[in-house]
Each structure stands twice: as structure tokens, then as C-alpha cells.
$ cat work04.txt   # compact mmCIF, C-alpha atoms
# COMPACT_ATOMS: atom_id res chain seq x y z
CA HIS A 1159 134.19 51.67 138.86
CA VAL A 1160 133.28 48.07 138.00
CA ARG A 1161 129.81 47.18 136.83
CA ALA A 1162 128.65 43.55 136.58
CA LEU A 1163 126.82 42.62 133.39
CA SER A 1164 124.17 39.93 133.25
CA VAL A 1165 124.08 37.77 130.10
CA ASN A 1166 121.11 35.70 128.94
CA SER A 1167 121.45 33.04 126.21
CA TYR A 1168 118.72 31.97 123.84
CA ASN A 1169 118.42 29.88 120.68
CA VAL A 1170 116.80 30.79 117.44
CA GLY A 1171 115.18 28.18 115.21
CA SER A 1172 114.37 24.47 115.72
CA ILE A 1173 117.97 23.36 116.48
CA ARG A 1174 118.68 23.14 120.18
CA PRO A 1175 121.84 22.11 122.12
CA TYR A 1176 122.02 18.50 123.37
CA THR A 1177 120.94 17.97 126.90
CA PRO A 1178 122.67 15.21 128.91
CA GLU A 1179 119.58 13.06 128.45
CA LEU A 1180 119.60 13.52 124.66
CA MET A 1181 123.35 12.77 124.57
CA GLU A 1182 122.85 9.42 126.34
CA GLU A 1183 119.95 8.55 124.08
CA SER A 1184 122.00 9.30 120.96
CA LYS A 1185 124.92 7.18 122.17
CA ALA A 1186 122.57 4.29 122.82
CA LYS A 1187 121.19 4.57 119.27
CA LEU A 1188 124.72 4.57 117.81
CA ASP A 1189 125.67 1.51 119.86
CA ALA A 1190 122.55 -0.29 118.69
CA LEU A 1191 123.34 0.52 115.06
CA ALA A 1192 126.93 -0.70 115.49
CA GLN A 1193 125.70 -3.97 117.04
CA LYS A 1194 123.27 -4.54 114.18
CA ASP A 1195 126.05 -3.91 111.67
CA LYS A 1196 128.29 -6.40 113.48
CA GLU A 1197 125.54 -9.04 113.54
CA ARG A 1198 124.90 -8.47 109.83
CA MET A 1199 128.57 -9.06 109.02
CA MET A 1200 128.70 -12.17 111.21
CA LEU A 1201 125.59 -13.51 109.49
CA GLU A 1202 127.15 -12.94 106.06
CA GLU A 1203 130.29 -14.78 107.16
CA ALA A 1204 128.20 -17.67 108.48
CA LYS A 1205 126.31 -17.89 105.18
CA ASN A 1206 129.56 -17.90 103.19
CA LYS A 1207 131.04 -20.54 105.47
CA TYR A 1208 127.96 -22.72 105.14
CA GLU A 1209 127.82 -22.40 101.36
CA GLY A 1210 131.58 -22.99 101.09
CA TYR A 1211 131.30 -26.26 103.00
CA ILE A 1212 128.61 -27.50 100.62
CA TYR A 1213 131.08 -27.17 97.73
CA TYR A 1214 133.88 -28.57 99.90
CA ILE A 1215 131.93 -31.81 100.36
CA ARG A 1216 131.29 -32.14 96.64
CA ASN A 1217 134.90 -31.46 95.65
CA LYS A 1218 136.30 -33.72 98.35
CA LEU A 1219 134.20 -36.68 97.24
CA ILE A 1220 135.56 -36.22 93.71
CA ASP A 1221 139.19 -35.23 94.36
CA ASP A 1222 139.85 -37.84 97.08
CA GLU A 1223 137.53 -40.50 95.72
CA GLU A 1224 140.05 -43.35 95.99
CA GLU A 1225 140.95 -42.70 99.64
CA ILE A 1226 137.37 -42.00 100.68
CA ASN A 1227 136.12 -45.21 99.07
CA LYS A 1228 138.53 -47.19 101.27
CA ILE A 1229 137.12 -45.85 104.54
CA SER A 1230 133.44 -45.29 103.76
CA SER A 1231 130.48 -47.28 102.53
CA GLU A 1232 128.33 -46.40 99.54
CA GLU A 1233 125.54 -45.49 101.96
CA GLN A 1234 127.82 -43.05 103.80
CA ARG A 1235 128.91 -41.36 100.57
CA ASP A 1236 125.32 -41.10 99.35
CA ALA A 1237 124.36 -39.56 102.67
CA LEU A 1238 127.07 -36.91 102.27
CA ARG A 1239 125.96 -36.06 98.73
CA LYS A 1240 122.36 -35.84 99.87
CA SER A 1241 123.23 -33.66 102.85
CA GLY A 1242 125.01 -31.22 100.53
CA GLU A 1243 122.02 -31.05 98.17
CA GLU A 1244 119.57 -30.54 101.02
CA ALA A 1245 121.78 -27.88 102.55
CA GLU A 1246 121.86 -25.95 99.29
CA ASP A 1247 118.07 -26.15 98.92
CA TRP A 1248 117.56 -24.97 102.50
CA MET A 1249 119.99 -22.08 102.08
CA PHE A 1250 118.11 -20.56 99.18
CA ASP A 1251 114.71 -21.19 100.79
CA GLU A 1252 114.38 -21.01 104.58
CA GLY A 1253 117.99 -19.98 104.95
CA PHE A 1254 117.34 -16.73 103.11
CA THR A 1255 115.80 -15.24 106.28
CA ALA A 1256 117.54 -17.42 108.91
CA ASP A 1257 119.47 -15.80 111.74
CA LEU A 1258 123.05 -16.34 112.89
CA LYS A 1259 122.31 -19.01 115.51
CA THR A 1260 120.34 -21.03 112.97
CA TYR A 1261 123.22 -20.94 110.47
CA GLU A 1262 125.71 -22.00 113.11
CA ALA A 1263 123.52 -24.96 114.09
CA LYS A 1264 123.00 -25.95 110.46
CA TYR A 1265 126.75 -25.81 109.82
CA GLU A 1266 127.43 -28.24 112.67
CA GLU A 1267 124.71 -30.53 111.38
CA LEU A 1268 126.26 -30.49 107.89
CA SER A 1269 129.95 -30.73 108.81
CA ALA A 1270 129.94 -33.25 111.68
CA PRO A 1271 129.33 -36.45 109.64
CA ALA A 1272 131.48 -35.21 106.76
CA GLU A 1273 134.45 -34.44 109.01
CA LYS A 1274 134.40 -38.00 110.39
CA VAL A 1275 134.71 -39.44 106.89
CA PHE A 1276 137.38 -36.96 105.78
CA PHE A 1277 139.35 -37.53 108.99
CA ARG A 1278 139.46 -41.29 108.38
CA ALA A 1279 140.69 -40.63 104.84
CA ALA A 1280 143.46 -38.35 106.11
CA GLU A 1281 144.49 -40.95 108.69
CA LEU A 1282 145.17 -43.50 105.94
CA SER A 1283 148.48 -41.75 105.27
CA ALA A 1284 149.05 -39.91 108.56
CA ARG A 1285 148.84 -43.02 110.76
CA PRO A 1286 151.53 -45.09 108.95
CA LYS A 1287 153.88 -42.07 108.94
CA ALA A 1288 153.44 -41.64 112.68
CA VAL A 1289 154.05 -45.36 113.29
CA LYS A 1290 157.19 -45.31 111.14
CA ALA A 1291 158.53 -42.28 113.03
CA LEU A 1292 157.83 -43.97 116.38
CA LEU A 1293 159.61 -47.21 115.43
CA SER A 1294 162.59 -45.24 114.17
CA LYS A 1295 162.81 -43.37 117.47
CA LEU A 1296 162.58 -46.62 119.44
CA ASP A 1297 165.45 -48.06 117.39
CA LYS A 1298 167.55 -45.00 118.23
CA VAL A 1299 166.85 -45.47 121.93
CA GLN A 1300 167.94 -49.09 121.77
CA ASP A 1301 171.14 -48.13 119.96
CA LEU A 1302 171.79 -45.45 122.55
CA MET A 1303 171.41 -47.91 125.42
CA LYS A 1304 173.87 -50.25 123.69
CA LYS A 1305 176.35 -47.41 123.27
CA TRP A 1306 175.99 -46.41 126.92
CA GLU A 1307 177.41 -49.78 127.96
CA THR A 1308 180.85 -48.42 127.06
CA THR A 1309 180.44 -44.63 126.99
CA MET A 1310 178.22 -44.12 130.04
CA THR A 1311 179.47 -46.82 132.37
CA HIS A 1312 178.11 -45.01 135.43
CA ILE A 1313 174.60 -45.82 134.16
CA THR A 1314 173.74 -49.18 135.69
CA GLU A 1315 172.37 -52.19 133.85
CA GLU A 1316 169.12 -51.87 135.81
CA GLU A 1317 168.71 -48.27 134.66
CA ARG A 1318 169.31 -49.19 131.02
CA LYS A 1319 166.87 -52.09 131.41
CA GLU A 1320 164.22 -49.69 132.68
CA VAL A 1321 164.52 -47.75 129.43
CA LEU A 1322 164.52 -50.87 127.26
CA ASP A 1323 161.44 -52.22 129.06
CA LYS A 1324 159.58 -49.01 128.18
CA VAL A 1325 160.75 -49.39 124.59
CA ASP A 1326 159.29 -52.91 124.48
CA GLU A 1327 156.02 -51.61 125.93
CA ALA A 1328 155.79 -48.93 123.24
CA ARG A 1329 156.54 -51.47 120.49
CA LYS A 1330 153.86 -53.80 121.80
CA TRP A 1331 151.34 -50.97 122.01
CA VAL A 1332 151.84 -49.91 118.40
CA GLU A 1333 151.94 -53.49 117.10
CA ASP A 1334 148.67 -54.32 118.88
CA LYS A 1335 147.00 -51.14 117.65
CA VAL A 1336 148.09 -51.71 114.06
CA ALA A 1337 146.78 -55.29 114.19
CA GLU A 1338 143.47 -54.14 115.67
CA GLN A 1339 143.13 -51.42 113.02
CA GLU A 1340 143.69 -53.92 110.21
CA LYS A 1341 140.92 -56.16 111.59
CA ALA A 1342 138.51 -53.33 112.37
CA ASP A 1343 135.72 -51.98 110.19
CA GLN A 1344 137.42 -49.31 108.08
CA THR A 1345 134.16 -47.41 107.68
CA ALA A 1346 133.91 -46.84 111.45
CA ASP A 1347 135.96 -44.65 113.78
CA PRO A 1348 139.66 -45.66 113.79
CA VAL A 1349 141.08 -47.79 116.61
CA PHE A 1350 143.84 -45.21 117.12
CA THR A 1351 144.91 -41.96 115.52
CA SER A 1352 148.21 -40.50 114.37
CA LYS A 1353 148.13 -37.95 117.22
CA GLU A 1354 148.21 -40.74 119.82
CA VAL A 1355 151.41 -42.31 118.49
CA PRO A 1356 154.12 -39.75 119.43
CA GLY A 1357 152.94 -39.72 123.05
CA GLN A 1358 154.11 -43.32 123.52
CA THR A 1359 157.70 -42.13 123.95
CA LYS A 1360 157.05 -39.51 126.63
CA LYS A 1361 157.96 -41.82 129.52
CA ILE A 1362 161.04 -43.02 127.65
CA GLU A 1363 162.21 -39.48 126.97
CA SER A 1364 161.68 -38.59 130.63
CA ILE A 1365 163.80 -41.50 131.87
CA VAL A 1366 166.57 -40.90 129.31
CA GLY A 1367 166.63 -37.21 130.20
CA ARG A 1368 166.99 -38.07 133.89
CA LEU A 1369 169.84 -40.52 133.21
CA MET A 1370 171.62 -37.99 131.00
CA LYS A 1371 171.84 -35.68 134.01
CA LYS A 1372 173.29 -38.35 136.26
CA PRO A 1373 176.82 -37.14 137.17
CA LYS A 1374 179.81 -39.32 136.48
CA PRO A 1375 181.80 -40.36 139.56
CA LYS A 1376 184.97 -38.39 140.15
CA PRO A 1377 188.17 -40.35 139.37
CA ALA A 1378 190.12 -41.53 142.42
CA GLU A 1379 193.20 -39.45 143.24
CA LYS A 1380 196.55 -41.29 142.96
CA LYS A 1381 198.72 -41.00 146.08
CA THR A 1382 202.47 -41.73 145.90
CA GLU A 1383 205.00 -41.97 148.69
CA THR A 1384 208.49 -40.66 148.05
CA THR A 1385 211.58 -41.91 149.98
CA ASP A 1386 214.95 -40.20 150.30
CA ALA A 1387 216.42 -42.63 147.81
CA ASP A 1388 213.63 -41.83 145.38
CA LYS A 1389 214.32 -38.11 145.83
CA ASN A 1390 217.98 -38.61 144.98
CA GLU A 1391 217.09 -40.72 141.98
CA THR A 1392 214.57 -38.12 140.88
CA THR A 1393 217.17 -35.38 141.16
CA SER A 1394 219.62 -37.28 139.02
CA GLU A 1395 216.99 -38.01 136.43
CA GLY A 1396 215.30 -34.55 136.52
CA GLU A 1397 215.24 -33.95 132.80
CA SER A 1398 213.76 -37.38 132.06
CA THR A 1399 211.05 -37.04 134.73
CA GLU A 1400 210.10 -33.55 133.57
CA SER A 1401 209.67 -34.83 130.03
CA GLU A 1402 207.53 -37.72 131.21
CA ASP A 1403 205.36 -35.34 133.27
CA LEU A 1404 204.73 -33.20 130.22
CA ASP A 1405 203.77 -36.25 128.18
CA ALA A 1406 201.42 -37.38 130.96
CA LYS A 1407 199.76 -33.95 131.09
CA ASP A 1408 199.32 -33.98 127.32
CA THR A 1409 197.75 -37.42 127.54
CA GLU A 1410 195.42 -36.35 130.34
CA SER A 1411 194.44 -33.24 128.38
CA THR A 1412 193.69 -35.34 125.28
CA GLU A 1413 191.68 -37.83 127.31
CA ALA A 1414 189.69 -35.01 128.94
CA ALA A 1415 188.95 -33.48 125.55
CA ASP A 1416 187.84 -36.85 124.17
CA GLU A 1417 185.66 -37.43 127.23
CA LYS A 1418 184.07 -33.99 126.86
CA LYS A 1419 183.43 -34.68 123.17
CA GLU A 1420 181.77 -38.01 124.03
CA GLU A 1421 179.58 -36.32 126.64
CA SER A 1422 178.56 -33.69 124.07
CA GLU A 1423 177.67 -36.40 121.54
CA GLU A 1424 175.69 -38.32 124.16
CA LYS A 1425 173.73 -35.21 125.08
CA LYS A 1426 173.02 -34.49 121.40
CA GLU A 1427 171.71 -38.02 120.86
CA GLY A 1428 169.55 -37.75 123.95
CA ASP A 1429 168.09 -34.43 122.79
CA GLU A 1430 167.22 -35.92 119.40
CA LEU A 1431 164.98 -38.59 120.96

$ encode --input "work04.txt" --output "C-alpha cells"
Amino acid sequence: HVRALSVNSYNVGSIRPYTPELMEESKAKLDALAQKDKERMMLEEAKNKYEGYIYYIRNKLIDDEEEINKISSEEQRDALRKSGEEAEDWMFDEGFTADLKTYEAKYEELSAPAEKVFFRAAELSARPKAVKALLSKLDKVQDLMKKWETTMTHITEEERKEVLDKVDEARKWVEDKVAEQEKADQTADPVFTSKEVPGQTKKIESIVGRLMKKPKPKPAEKKTETTDADKNETTSEGESTESEDLDAKDTESTEAADEKKEESEEKKEGDEL
């Protein structure tokens, strides 16, 4: 027969199995430790970033001295040197026990004025390059409109003029901005930046792209009337007519190929704008 056994469990010593409550408590402690470790690493990164920018300011003022002198005053450069020295003193004094938020705020305070000066120095070369690229693109557009007079005859004069008017507007914009920049205080924020320049051709590119998609009108079909006399004449001259037809087809094929090649070249020029 079957006899049911009763089993009782017990633990010996101070070690006891985890209860659900103890398990939750232990997980919470592990999460807290992981968060503290993450914050410690973030704080170390912030300290390194802050210290690195101190040396960046010093090296920049030396390495790019010529460019920086053109776009900053002696007072501005002295202020940058002083800010770097004060930042270093703070870091090894109050900064030794500062938290992450404090370091992030101090970094913004240190980098903001320096970035303005360094940006103006970078724009000394970036701005002329952007202007040169814009003027070159505008020249290409003008040449394309001139070419379209013969290769894209279905584009009307008014449509080409719309493009050329936008080209003139872009030229005037860049000429005015360059003139204003030359007259402006070079130690202040620039009148315009290199990033603003390429956007002056967006409207032009949009119009050219639209015109490129404009379909060419289909050629009119040639209708011929044939009389009985013509039929007789055609019959007597069959070999000659057949030869002429073949020559005509060859010519049409060549013209179609040339036209397709021109369309391909036009599309390529439009895509390059």
C-alpha cells in the first residue's frame, strides 16, 4: 500500500535562504551601486574634458596666433588666458570635490567665450571658400541658361529669365554681405557665416530641377498624299526609293541618338548644380 511521508525543512547555521523581501532589497542595493559607479565615471570624464579645454585654449592662442590676432582684441585674448588660469586654479581647489553638474556648468562658462573667438578665426578661411564656391556655381547656372537657348528650346525665355533673376539676387546677397563684413568690427560676431552661403542657391536649384523635368513637345507627324501617278512612279523607281528610306531611317536614328545624348548631358549639368 502507499504511505504518504511528511517532510520538514530546516536550516543550520547563520545563513538563511533569501526571502522575496530580501531579494528586492539586494537588487535595489546593486542598482544603487551601479548608479554611483556610472556617476563616478561621468564625473571623471567631465573633469578630463574641463582640464583638456584649459590646455586647448593655451595651445590655440599660440598655434593660431596670427589668425586669432586678426579677429580679436588684446583685451579678449587676455581674458581667455586669464579664464584658463582661473579654471586651472579652481579645478585643483574647489573643483576637487565638485559634482558633475558643477563641472558641466563650469565647462560652459569656460568654453563659450573661447568658442566665439575660435569660430571667427576659422571663418577667416572658411567664408572666402564658401563664397568662391557659390560664385562658381552661379557662373555654371548662367552658362547652362545660355546653352538652353539652343539645346532646350522648349524652355521659354521667361522661364530662363526666372532662373537668371534668382542668380542676380544671390550675387547681390553675397556681394552685400562681403562688403558689410569688410566694414564690420572684426573682433565682433561675423555679419554672415560660411554655412549660410550654400543655401543661397536652393531656390535656383529647385527651379532648374523643375525645368529639367519639363517634357519636350512631340514632333509633328508628316502626312503625305499619294496619287495613282505617284504610285506608278514609285513602282518604277522602287530600288531608289527603298535606298532613300533606309538613309532617312539612319539619319533619324542618328538624330535621336544625338538628342538623347544631349538630354543626358543636360541632366548631368543640372545635377551638378

$ atom_distance --input "work04.txt" --atom1 "CA of Lys1207 in chain A" --atom2 "CA of Glu1223 in chain A"
23.1 Å

$ atom_distance --input "work04.txt" --atom1 "CA of Tyr1213 in chain A" --atom2 "CA of Ala1284 in chain A"
24.5 Å

$ closest_residue --input "work04.txt" --among "A:Asp1195, A:Asp1347, A:Glu1354, A:Asp1297" --to "Arg1329 in chain A" --atoms "all atoms listed in the file"
A:Asp1297

$ residues_around --input "work04.txt" --residues "Lys1218 in chain A" --least-positions-apart "6" --cutoff "10 Å" --atoms "only C-alpha atoms" --output "PyMOL selection string"
chain A and resi 1226+1272+1276

$ closest_residue --input "work04.txt" --among "A:Lys1187, A:Arg1174, A:Arg1318, A:Lys1264" --to "Ile1212 in chain A" --atoms "all atoms listed in the file"
A:Lys1264

$ closest_residue --input "work04.txt" --among "A:Leu1201, A:Ala1342, A:Ala1186, A:Leu1292" --to "Gly1357 in chain A" --atoms "only C-alpha atoms"
A:Leu1292

$ atom_distance --input "work04.txt" --atom1 "CA of Leu1268 in chain A" --atom2 "CA of Met1249 in chain A"
12.0 Å

$ closest_residue --input "work04.txt" --among "A:Arg1278, A:Arg1235, A:Asp1247, A:Met1303" --to "Val1349 in chain A" --atoms "all atoms listed in the file"
A:Arg1278

$ closest_residue --input "work04.txt" --among "A:Leu1369, A:Ala1279, A:Ala1192, A:Leu1293" --to "Ile1313 in chain A" --atoms "only C-alpha atoms"
A:Leu1369

$ residues_around --input "work04.txt" --residues "Glu1225 in chain A" --least-positions-apart "4" --cutoff "10 Å" --atoms "all atoms listed in the file" --output "number ranges by chain"
A: 1219, 1221, 1229-1230, 1276, 1278-1283

$ axis_aligned_box --input "work04.txt" --around "range 1202-1216 of chain A" --padding-each-side "4 Å" --output "lines of an AutoDock Vina configuration file"
center_x = 130.1
center_y = -22.5
center_z = 102.6
size_x = 15.6
size_y = 27.2
size_z = 19.8

$ residues_around --input "work04.txt" --residues "Val1289 in chain A" --least-positions-apart "2" --cutoff "9 Å" --atoms "all atoms listed in the file" --output "ChimeraX atom specification"
/A:1284-1287,1291-1294,1332,1336,1352,1355-1356

$ closest_residue --input "work04.txt" --among "A:Thr1351, A:Val1325, A:Asn1206, A:Lys1374" --to "Gly1253 in chain A" --atoms "only C-alpha atoms"
A:Asn1206
